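Visitor: What follows is the file query16.txt, containing compact mmCIF, C-alpha atoms:
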```txt
# COMPACT_ATOMS: atom_id res chain seq x y z
CA MET A 13 42.83 -26.16 62.39
CA SER A 14 39.19 -25.48 63.13
CA SER A 15 38.68 -24.30 66.73
CA ARG A 16 35.90 -26.84 67.17
CA LEU A 17 38.53 -29.59 66.90
CA CYS A 18 41.14 -28.01 69.14
CA ALA A 19 41.54 -30.30 72.15
CA CYS A 20 44.45 -30.15 74.56
CA ASP A 21 43.19 -32.82 76.95
CA GLN A 22 40.60 -35.55 77.28
CA ARG A 23 37.96 -33.30 78.86
CA GLU A 24 38.12 -30.91 75.91
CA LEU A 25 37.99 -33.84 73.51
CA LEU A 26 34.88 -35.25 75.19
CA ASP A 27 33.25 -31.84 74.99
CA ILE A 28 33.87 -31.69 71.23
CA LEU A 29 32.68 -35.24 70.62
CA SER A 30 29.47 -34.78 72.62
CA ARG A 31 28.54 -31.24 71.55
CA PRO A 32 25.10 -31.65 69.91
CA TYR A 33 24.24 -30.24 66.52
CA GLN A 34 21.01 -28.27 66.09
CA GLU A 35 19.59 -31.36 64.37
CA ASP A 36 20.27 -33.40 67.52
CA ILE A 37 18.45 -30.84 69.64
CA ASP A 38 15.52 -30.83 67.23
CA MET A 39 15.46 -34.62 67.41
CA ALA A 40 15.48 -34.46 71.21
CA ARG A 41 12.38 -32.27 71.09
CA ARG A 42 10.59 -34.88 68.99
CA LEU A 43 11.75 -37.89 71.03
CA ASN A 44 8.77 -39.91 72.23
CA GLY A 45 9.84 -41.20 75.62
CA ASP A 46 12.88 -42.50 77.45
CA LEU A 47 15.91 -44.03 75.75
CA ILE A 48 18.31 -46.83 76.64
CA VAL A 49 21.78 -47.41 75.18
CA LEU A 50 22.89 -51.05 75.41
CA GLY A 51 26.66 -51.54 75.39
CA ALA A 52 27.17 -47.94 76.48
CA GLY A 53 30.60 -48.46 78.02
CA GLY A 54 32.49 -49.10 74.77
CA LYS A 55 34.38 -46.76 72.46
CA MET A 56 31.32 -44.90 71.13
CA GLY A 57 28.82 -45.28 73.96
CA PRO A 58 29.98 -42.64 76.47
CA THR A 59 30.12 -39.80 73.94
CA LEU A 60 26.81 -40.90 72.39
CA VAL A 61 25.12 -40.79 75.80
CA MET A 62 26.72 -37.40 76.52
CA ARG A 63 25.52 -36.00 73.18
CA ILE A 64 21.97 -37.23 73.74
CA MET A 65 21.86 -35.87 77.29
CA ARG A 66 23.15 -32.47 76.17
CA ALA A 67 20.62 -32.39 73.32
CA LEU A 68 17.76 -33.26 75.68
CA LYS A 69 18.79 -30.54 78.14
CA GLU A 70 19.03 -27.92 75.40
CA ALA A 71 15.64 -29.06 74.09
CA GLY A 72 14.12 -28.69 77.54
CA SER A 73 13.13 -32.37 77.60
CA ASN A 74 12.85 -34.42 80.79
CA HIS A 75 13.06 -37.83 79.14
CA ARG A 76 15.43 -40.21 80.93
CA VAL A 77 18.45 -41.88 79.37
CA TYR A 78 19.71 -45.23 80.64
CA ALA A 79 23.19 -46.53 79.80
CA ALA A 80 23.65 -50.28 80.28
CA SER A 81 27.06 -51.95 80.10
CA ARG A 82 29.52 -54.18 81.93
CA TYR A 83 31.61 -51.03 82.62
CA SER A 84 34.97 -52.73 82.68
CA ASP A 85 36.28 -49.16 82.49
CA ALA A 86 35.13 -47.26 85.58
CA GLU A 87 36.04 -43.96 83.93
CA SER A 88 33.40 -44.53 81.23
CA ARG A 89 30.74 -45.01 83.89
CA ARG A 90 31.83 -41.86 85.71
CA GLU A 91 31.70 -39.82 82.48
CA ILE A 92 28.20 -41.08 81.74
CA GLU A 93 26.87 -40.45 85.25
CA GLU A 94 28.21 -36.90 85.21
CA THR A 95 25.76 -36.13 82.38
CA GLY A 96 22.74 -37.15 84.47
CA ALA A 97 22.14 -40.40 82.60
CA LYS A 98 21.44 -43.51 84.67
CA ALA A 99 24.33 -45.99 84.36
CA ILE A 100 23.35 -49.64 84.84
CA SER A 101 26.04 -52.29 85.34
CA ILE A 102 24.90 -55.48 83.64
CA ASP A 103 25.99 -58.60 81.83
CA LEU A 104 23.59 -58.42 78.90
CA LEU A 105 23.90 -62.19 78.42
CA ASP A 106 22.24 -62.60 81.82
CA ASP A 107 18.65 -63.08 80.67
CA ARG A 108 17.06 -62.20 84.01
CA ALA A 109 19.07 -58.98 84.28
CA LEU A 110 18.29 -58.09 80.67
CA PHE A 111 14.54 -58.47 81.17
CA ASP A 112 14.76 -56.44 84.39
CA LEU A 113 16.03 -53.39 82.49
CA PRO A 114 13.68 -50.39 82.35
CA ASP A 115 11.02 -50.28 79.69
CA CYS A 116 11.95 -47.74 77.02
CA PRO A 117 10.38 -46.95 73.65
CA ASN A 118 13.79 -46.05 72.18
CA VAL A 119 16.78 -48.40 72.09
CA VAL A 120 20.27 -47.86 70.69
CA TYR A 121 22.16 -51.16 70.55
CA LEU A 122 25.98 -50.89 70.56
CA ALA A 123 26.90 -54.21 72.17
CA GLY A 124 29.19 -56.60 70.35
CA MET A 125 32.64 -58.17 70.13
CA LYS A 126 35.37 -57.63 67.54
CA PHE A 127 38.82 -57.78 69.08
CA GLY A 128 39.68 -61.28 70.15
CA ALA A 129 36.93 -62.68 67.96
CA SER A 130 39.27 -65.17 66.29
CA SER A 131 40.51 -66.59 69.61
CA ARG A 132 37.05 -66.68 71.27
CA PRO A 133 34.62 -67.54 68.47
CA SER A 134 31.87 -68.96 70.68
CA LEU A 135 31.67 -65.78 72.77
CA THR A 136 31.80 -63.72 69.58
CA TRP A 137 28.73 -65.49 68.22
CA ALA A 138 26.93 -65.30 71.57
CA LEU A 139 27.40 -61.53 71.78
CA ASN A 140 27.01 -60.70 68.10
CA ALA A 141 24.23 -63.08 67.05
CA TYR A 142 22.50 -64.66 70.07
CA LEU A 143 22.18 -61.55 72.25
CA PRO A 144 20.39 -59.52 69.54
CA GLY A 145 17.54 -62.04 69.63
CA ARG A 146 17.16 -61.65 73.39
CA VAL A 147 17.25 -57.85 73.09
CA ALA A 148 14.73 -57.91 70.24
CA SER A 149 12.42 -60.00 72.44
CA ARG A 150 12.89 -57.76 75.48
CA TYR A 151 12.28 -54.57 73.50
CA LYS A 152 9.85 -55.85 70.87
CA ASP A 153 7.59 -52.81 71.39
CA ALA A 154 10.42 -50.26 71.05
CA ARG A 155 12.21 -48.64 68.15
CA ILE A 156 15.69 -50.18 67.83
CA VAL A 157 18.78 -48.67 66.21
CA ALA A 158 21.40 -51.44 66.08
CA LEU A 159 25.04 -50.83 65.20
CA SER A 160 26.50 -53.19 62.62
CA THR A 161 29.62 -52.96 60.45
CA GLY A 162 30.66 -52.45 56.86
CA ASN A 163 32.69 -55.64 57.25
CA VAL A 164 29.58 -57.61 56.26
CA TYR A 165 30.25 -56.46 52.68
CA PRO A 166 32.77 -58.10 50.36
CA MET A 167 35.94 -56.34 49.31
CA VAL A 168 35.27 -54.42 46.11
CA PRO A 169 37.36 -52.66 43.44
CA ILE A 170 38.30 -49.12 44.47
CA GLU A 171 36.74 -47.63 41.34
CA THR A 172 33.26 -48.82 42.39
CA GLY A 173 33.21 -46.19 45.12
CA GLY A 174 32.18 -48.75 47.75
CA CYS A 175 29.18 -50.95 48.50
CA THR A 176 25.72 -49.46 48.69
CA GLU A 177 23.03 -50.97 50.89
CA ASP A 178 21.81 -52.99 47.88
CA VAL A 179 25.03 -55.02 47.66
CA GLU A 180 24.56 -58.58 48.93
CA PRO A 181 26.65 -59.20 52.08
CA ARG A 182 29.54 -61.65 51.75
CA PRO A 183 31.31 -61.48 55.10
CA VAL A 184 34.91 -62.67 55.39
CA GLY A 185 35.87 -64.39 58.66
CA GLU A 186 33.90 -65.29 61.77
CA TYR A 187 33.70 -61.75 63.14
CA ALA A 188 32.01 -60.41 60.02
CA GLN A 189 29.87 -63.55 59.71
CA SER A 190 28.64 -63.13 63.28
CA CYS A 191 27.82 -59.47 62.55
CA LEU A 192 25.68 -60.54 59.61
CA GLY A 193 24.12 -62.99 62.05
CA ARG A 194 23.31 -60.00 64.28
CA GLU A 195 21.58 -58.29 61.37
CA ARG A 196 19.61 -61.36 60.33
CA VAL A 197 18.35 -61.92 63.89
CA PHE A 198 17.22 -58.29 64.24
CA GLN A 199 15.59 -58.54 60.81
CA HIS A 200 13.75 -61.69 61.84
CA PHE A 201 12.30 -60.17 65.00
CA SER A 202 11.50 -56.92 63.23
CA LEU A 203 9.30 -58.92 60.87
CA GLN A 204 7.91 -61.26 63.51
CA ASN A 205 7.03 -58.57 66.06
CA GLY A 206 6.65 -55.56 63.80
CA THR A 207 9.49 -53.85 65.66
CA PRO A 208 10.71 -50.72 63.82
CA THR A 209 14.46 -51.24 63.38
CA CYS A 210 17.41 -49.57 61.70
CA LEU A 211 20.66 -51.47 61.12
CA ILE A 212 23.63 -49.14 60.81
CA ARG A 213 26.67 -50.45 58.95
CA LEU A 214 29.48 -48.27 60.32
CA ASN A 215 32.85 -48.10 58.61
CA TYR A 216 34.97 -46.59 60.56
CA ALA A 217 34.35 -44.08 63.39
CA VAL A 218 37.48 -42.12 64.34
CA GLU A 219 38.55 -39.70 67.06
CA ALA A 220 41.80 -38.72 68.74
CA ARG A 221 42.00 -41.73 71.08
CA TYR A 222 41.01 -44.45 68.64
CA GLY A 223 40.63 -45.21 64.95
CA VAL A 224 42.37 -45.61 61.62
CA PHE A 225 43.78 -42.07 61.71
CA LEU A 226 45.38 -42.68 65.11
CA ASP A 227 46.77 -46.05 64.00
CA ILE A 228 48.49 -44.49 61.00
CA ALA A 229 49.62 -41.36 62.85
CA THR A 230 51.19 -43.39 65.66
CA LYS A 231 53.19 -45.54 63.24
CA VAL A 232 54.40 -42.52 61.28
CA TYR A 233 55.39 -40.68 64.47
CA ARG A 234 57.34 -43.69 65.76
CA GLY A 235 59.00 -44.39 62.42
CA GLU A 236 57.23 -47.74 62.13
CA PRO A 237 56.14 -49.08 58.72
CA VAL A 238 52.61 -48.36 57.56
CA GLN A 239 51.11 -51.26 55.62
CA VAL A 240 49.44 -49.94 52.43
CA THR A 241 48.27 -53.25 50.98
CA MET A 242 44.76 -52.36 52.16
CA GLY A 243 45.14 -49.16 50.21
CA TYR A 244 41.90 -47.30 50.90
CA VAL A 245 39.56 -46.85 53.85
CA ASN A 246 36.37 -45.01 54.78
CA ALA A 247 36.14 -43.02 57.99
CA ILE A 248 33.83 -40.63 59.82
CA TRP A 249 34.31 -38.40 62.85
CA GLN A 250 32.78 -40.15 65.84
CA GLY A 251 30.71 -37.09 66.75
CA ASP A 252 29.10 -37.21 63.30
CA ALA A 253 28.54 -40.96 63.65
CA ASN A 254 26.89 -40.53 67.05
CA SER A 255 24.59 -37.83 65.70
CA VAL A 256 23.32 -40.20 63.02
CA CYS A 257 22.92 -43.08 65.50
CA PHE A 258 20.62 -40.87 67.59
CA ARG A 259 18.64 -39.39 64.71
CA ALA A 260 18.25 -42.79 63.04
CA LEU A 261 15.53 -43.57 65.60
CA GLU A 262 13.24 -41.67 63.23
CA ILE A 263 13.97 -43.93 60.25
CA CYS A 264 13.36 -47.25 61.99
CA GLU A 265 11.04 -49.46 59.96
CA SER A 266 9.67 -52.98 59.73
CA PRO A 267 11.15 -54.70 57.73
CA ALA A 268 14.37 -53.29 59.15
CA ASN A 269 15.94 -50.33 57.39
CA ILE A 270 19.64 -50.64 56.49
CA LEU A 271 21.94 -47.63 56.48
CA ASN A 272 25.63 -47.30 55.65
CA LEU A 273 27.39 -44.82 57.92
CA THR A 274 30.75 -43.37 56.92
CA GLY A 275 32.31 -40.35 55.25
CA PRO A 276 32.01 -39.62 51.53
CA GLU A 277 35.74 -39.88 50.82
CA LEU A 278 37.71 -42.93 49.74
CA LEU A 279 40.82 -42.21 51.78
CA SER A 280 44.18 -43.44 50.55
CA VAL A 281 46.23 -44.98 53.36
CA ARG A 282 49.36 -43.75 51.56
CA TRP A 283 47.94 -40.20 51.47
CA LEU A 284 47.02 -40.31 55.15
CA ALA A 285 50.54 -41.45 56.07
CA GLU A 286 52.05 -38.67 53.96
CA GLN A 287 49.78 -36.08 55.59
CA PHE A 288 50.89 -37.15 59.05
CA GLY A 289 54.49 -37.22 57.88
CA GLN A 290 54.22 -33.58 56.81
CA ARG A 291 52.79 -32.57 60.17
CA PHE A 292 55.48 -34.49 62.08
CA GLY A 293 58.29 -33.40 59.77
CA VAL A 294 59.26 -36.98 58.93
CA GLU A 295 59.18 -39.25 55.91
CA PRO A 296 56.65 -42.06 56.51
CA VAL A 297 57.85 -45.62 56.09
CA LEU A 298 55.46 -47.35 53.68
CA GLU A 299 55.33 -51.10 53.22
CA GLY A 300 53.67 -53.16 50.49
CA HIS A 301 51.67 -52.18 47.42
CA GLU A 302 48.01 -51.24 47.18
CA GLN A 303 45.76 -54.10 46.13
CA PRO A 304 42.91 -53.28 43.74
CA THR A 305 40.14 -54.06 46.26
CA ALA A 306 39.24 -52.93 49.78
CA PHE A 307 36.43 -52.92 52.35
CA LEU A 308 34.58 -49.78 51.27
CA SER A 309 31.07 -48.43 51.79
CA ASN A 310 29.02 -45.86 49.92
CA ALA A 311 27.00 -43.79 52.40
CA ALA A 312 25.15 -41.56 49.93
CA LYS A 313 21.79 -42.68 51.35
CA CYS A 314 22.85 -41.57 54.83
CA HIS A 315 24.14 -38.21 53.58
CA ASN A 316 20.89 -37.58 51.69
CA LEU A 317 18.89 -38.30 54.85
CA PHE A 318 21.01 -36.56 57.48
CA GLY A 319 23.41 -34.35 55.57
CA PRO A 320 27.14 -34.90 55.00
CA PRO A 321 29.53 -35.20 57.95
CA ARG A 322 30.42 -31.84 59.50
CA VAL A 323 34.07 -32.68 60.22
CA THR A 324 36.51 -33.12 57.35
CA PRO A 325 39.41 -35.59 57.12
CA GLU A 326 41.86 -32.67 57.14
CA GLU A 327 40.47 -31.42 60.46
CA ILE A 328 40.73 -34.89 61.95
CA ILE A 329 44.31 -35.24 60.70
CA ASP A 330 45.27 -31.96 62.40
CA LEU A 331 43.65 -32.95 65.69
CA VAL A 332 45.10 -36.47 65.75
CA ALA A 333 48.58 -35.20 64.84
CA SER A 334 48.48 -32.71 67.72
CA TRP A 335 47.14 -35.40 70.04
CA VAL A 336 49.93 -37.84 69.18
CA GLU A 337 52.65 -35.20 69.45
CA GLY A 338 51.27 -34.14 72.82
CA GLY A 339 51.25 -37.68 74.18
CA GLY A 340 47.46 -37.76 74.52
CA VAL A 341 45.80 -40.77 76.14
CA THR A 342 44.50 -43.48 73.79
CA HIS A 343 42.26 -46.53 74.13
CA GLY A 344 45.18 -48.78 73.17
CA LYS A 345 43.06 -50.76 70.70
CA PRO A 346 44.41 -50.79 67.12
CA THR A 347 41.62 -51.13 64.55
CA LYS A 348 43.51 -53.70 62.44
CA PHE A 349 42.13 -51.91 59.38
CA GLU A 350 44.83 -53.55 57.24
CA VAL A 351 43.43 -57.05 57.90
CA ALA A 352 41.94 -58.58 54.74
CA ASP A 353 41.16 -62.12 55.95
CA GLY A 354 38.70 -61.15 58.68
CA GLN A 355 40.87 -62.51 61.49
CA PHE A 356 40.48 -60.09 64.41
```
What does the file become when written as structure tokens?
Guide:
Amino acid sequence: MSSRLCACDQRELLDILSRPYQEDIDMARRLNGDLIVLGAGGKMGPTLVMRIMRALKEAGSNHRVYAASRYSDAESRREIEETGAKAISIDLLDDRALFDLPDCPNVVYLAGMKFGASSRPSLTWALNAYLPGRVASRYKDARIVALSTGNVYPMVPIETGGCTEDVEPRPVGEYAQSCLGRERVFQHFSLQNGTPTCLIRLNYAVEARYGVFLDIATKVYRGEPVQVTMGYVNAIWQGDANSVCFRALEICESPANILNLTGPELLSVRWLAEQFGQRFGVEPVLEGHEQPTAFLSNAAKCHNLFGPPRVTPEEIIDLVASWVEGGGVTHGKPTKFEVADGQF
């Protein structure tokens, strides 16, 4: 296993996830002003903020970074504040609080709702489609990178290699529909206000505490069946994903630019289960048969712009296997990657 992915505890893992690439440092040198991350307390936000802060320090920049979130997890806030970023506790749906946030020429938007979307559809639409309009109004003079999802695409045959940015969205279920709503609202305000925007369709970010790899590894380790009906997935190391989210500030445009973000591989769920089985010394329990279609994205445009991901699936497999065997802490939020009907 590569030493860069050797993590025995959460502190080491955070260090790996937030360690900036030279390209991040170069971007930090070119950054034109302060930056705010909205929805910074979620799964990706803390390590994104850490990476940006480390890049700015190595670049010798004194630009400020603000991290706004509800912070239901106090640990996330502590991790962010330790970097020197300014953590701001806020309900982003509170219009007065939103418009009181600091002015910043650079915005990274991570806010949204996925889990529980089926049981709370009105809140899902408020967070995923209404809030983007308020943010686009508040930061109409900024550059906005907004995180979206590959779930806005239809399921496609495996042999297609996944959807490119030119494929017309056909979201399945209210979660994916609301995410397309998010995109359409940002697109509208990008055109109306001339706001440079980049919409990033992520599919899926993984690390040791969360993601498709952890979901499969945990089931294999416990002897639980792994559902292979959704036979193939895309994935990208969260550190690589965060690097692109930061550097995408330089490709914001009006009309909004659209960018798929994932790894180049079409990963077989069966293969992943077998790889974890080999590392655990067990035979994985597989259930179902692969269907001919899946939610897949083609991120060739992203790789041409920013280079391919640095971390390989094999390295992630080794790290996650060690993490699971060692009883490492997790976020406790299964991705539900096997869901085909959009009900999250």
Visitor: When distances are computed from only C-alpha atoms, which of A:Glu171, A:Glu302, A:Glu70, A:Glu93 shows the smallest separation from Leu278 in chain A?
Guide: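 Among the listed residues, A:Glu171 lies closest to Leu278 in chain A.
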Visitor: Record the distance separating CA of Ala188 in chain A and CA of Thr230 in chain A, expressed in Å with one decimal.
Guide: 26.3 Å
Visitor: Identify, on the basis of all atoms listed in the file, every residue whose closest approach to Val341 in chain A does not exceed 10 Å; exclude the query and any residue fewer than 5 positions from it along the same chain; express the result as number ranges by chain.
Guide: A: 21-22, 220-222, 335-336
Visitor: So how far away is CA of Val168 in chain A from CA of Thr305 in chain A, in Å?
Guide: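 So the answer is 4.9 Å.
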Visitor: I want to know what sits within 9 Å of range 317-334 of chain A, based on only C-alpha atoms, with residues of the same chain fewer than 5 positions away left out; could you give that as an NGL selection string?
Guide: :A and (13-14 or 17-20 or 35 or 218-221 or 225-226 or 229-230 or 233 or 247-249 or 251-253 or 256 or 259-260 or 274-277 or 279 or 284 or 287-288 or 291-292 or 312 or 339-340)
Visitor: Find the residues near range 161-164 of chain A: any atom within 9 Å, counting all atoms listed in the file, skip ones fewer than 5 places away on the same chain, and give them as number ranges by chain.
Guide: A: 175, 180-184, 187-192, 212-216, 272-273, 307-309, 354
Visitor: Write to file, as an mmCIF file, in the frame of the given file, the residues of the selection just made, with C-alpha atoms.
Guide:
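Contents of again02.cif, as written:
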```cif
data_model
loop_
_atom_site.group_PDB
_atom_site.id
_atom_site.type_symbol
_atom_site.label_atom_id
_atom_site.label_comp_id
_atom_site.auth_asym_id
_atom_site.auth_seq_id
_atom_site.Cartn_x
_atom_site.Cartn_y
_atom_site.Cartn_z
ATOM 1 C CA CYS A 175 29.180 -50.950 48.500
ATOM 2 C CA GLU A 180 24.560 -58.580 48.930
ATOM 3 C CA PRO A 181 26.650 -59.200 52.080
ATOM 4 C CA ARG A 182 29.540 -61.650 51.750
ATOM 5 C CA PRO A 183 31.310 -61.480 55.100
ATOM 6 C CA VAL A 184 34.910 -62.670 55.390
ATOM 7 C CA TYR A 187 33.700 -61.750 63.140
ATOM 8 C CA ALA A 188 32.010 -60.410 60.020
ATOM 9 C CA GLN A 189 29.870 -63.550 59.710
ATOM 10 C CA SER A 190 28.640 -63.130 63.280
ATOM 11 C CA CYS A 191 27.820 -59.470 62.550
ATOM 12 C CA LEU A 192 25.680 -60.540 59.610
ATOM 13 C CA ILE A 212 23.630 -49.140 60.810
ATOM 14 C CA ARG A 213 26.670 -50.450 58.950
ATOM 15 C CA LEU A 214 29.480 -48.270 60.320
ATOM 16 C CA ASN A 215 32.850 -48.100 58.610
ATOM 17 C CA TYR A 216 34.970 -46.590 60.560
ATOM 18 C CA ASN A 272 25.630 -47.300 55.650
ATOM 19 C CA LEU A 273 27.390 -44.820 57.920
ATOM 20 C CA PHE A 307 36.430 -52.920 52.350
ATOM 21 C CA LEU A 308 34.580 -49.780 51.270
ATOM 22 C CA SER A 309 31.070 -48.430 51.790
ATOM 23 C CA GLY A 354 38.700 -61.150 58.680
#
```
Visitor: Mind pulling up the distance from CA of Lys345 in chain A to CA of Leu110 in chain A?
Guide: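 If I compute the distance from CA of Leu110 in chain A to CA of Lys345 in chain A, I get 27.7 Å.
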Visitor: Would you kindly return, as a ChimeraX atom specification, each protein, DNA or RNA residue with an atom no farther than 12 Å from any atom of Ser202 in chain A, considering only C-alpha atoms and excluding same-chain residues fewer than 4 positions away?
Guide: /A:144-145,147-149,151-158,195-198,206-211,264-269
Visitor: When you look at range 118-126 of chain A with a cut-off of 8 Å (counting all atoms listed in the file), what residues show up, excluding the ones that are within fewer than 5 positions of it in the same chain? I need them as a ChimeraX atom specification.
Guide: /A:44-52,54,57,136,139-140,151,154-159,187,257-258,261,356
Visitor: From the set A:Gly235, A:Gly185, A:Pro58, A:Gly173, which residue has the shortest atom-to-atom contact distance to Glu295 in chain A, counting all atoms listed in the file?
Guide: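 Selected residue with least distance to Glu295 in chain A: A:Gly235.
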Visitor: Choose the residue, out of A:Leu60, A:Met167, A:Leu203, A:Val232, that has the smallest atom-to-atom separation from Gly289 in chain A; count only C-alpha atoms.
Guide: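 When distances to Gly289 in chain A are compared using only C-alpha atoms, the smallest one comes from A:Val232.
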Visitor: Give me, as CSV, each residue of range 102-189 of chain A that comes within 9 Å of range 71-85 of chain A, together with its shortest interatomic pair and the distance in Å at one decimal, counting all atoms listed in the file, with rows ordered by chain and rising residue number.
Guide:
```
residue,atom,partner,partner_atom,distance
A:Ile102,CA,A:Arg82,CA,5.1
A:Asp103,CA,A:Arg82,CA,5.7
A:Leu104,CA,A:Ser81,CA,7.4
A:Leu113,CA,A:Ala80,CA,8.5
A:Pro114,CA,A:Tyr78,CA,8.1
A:Cys116,CA,A:Tyr78,CA,8.9
A:Ala123,CA,A:Ser81,CA,8.2
```
Visitor: Using only C-alpha atoms, find the one residue out of A:Ser131, A:Ser160, A:Arg146, A:Val351 that sits nearest to Val240 in chain A.
Guide: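 Under the stated criterion, the closest residue is A:Val351.
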Visitor: Could you tell me which of A:Val297, A:Glu91, A:Val61, A:Thr176 comes closest to Arg23 in chain A if we count all atoms listed in the file?
Guide: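 With all atoms listed in the file as the atom set, the closest residue is A:Glu91.
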Visitor: I'd like to know which of A:Pro117, A:Val179, A:Ile170, A:Thr347 is closest to Ser280 in chain A, using only C-alpha atoms.
Guide: A:Ile170
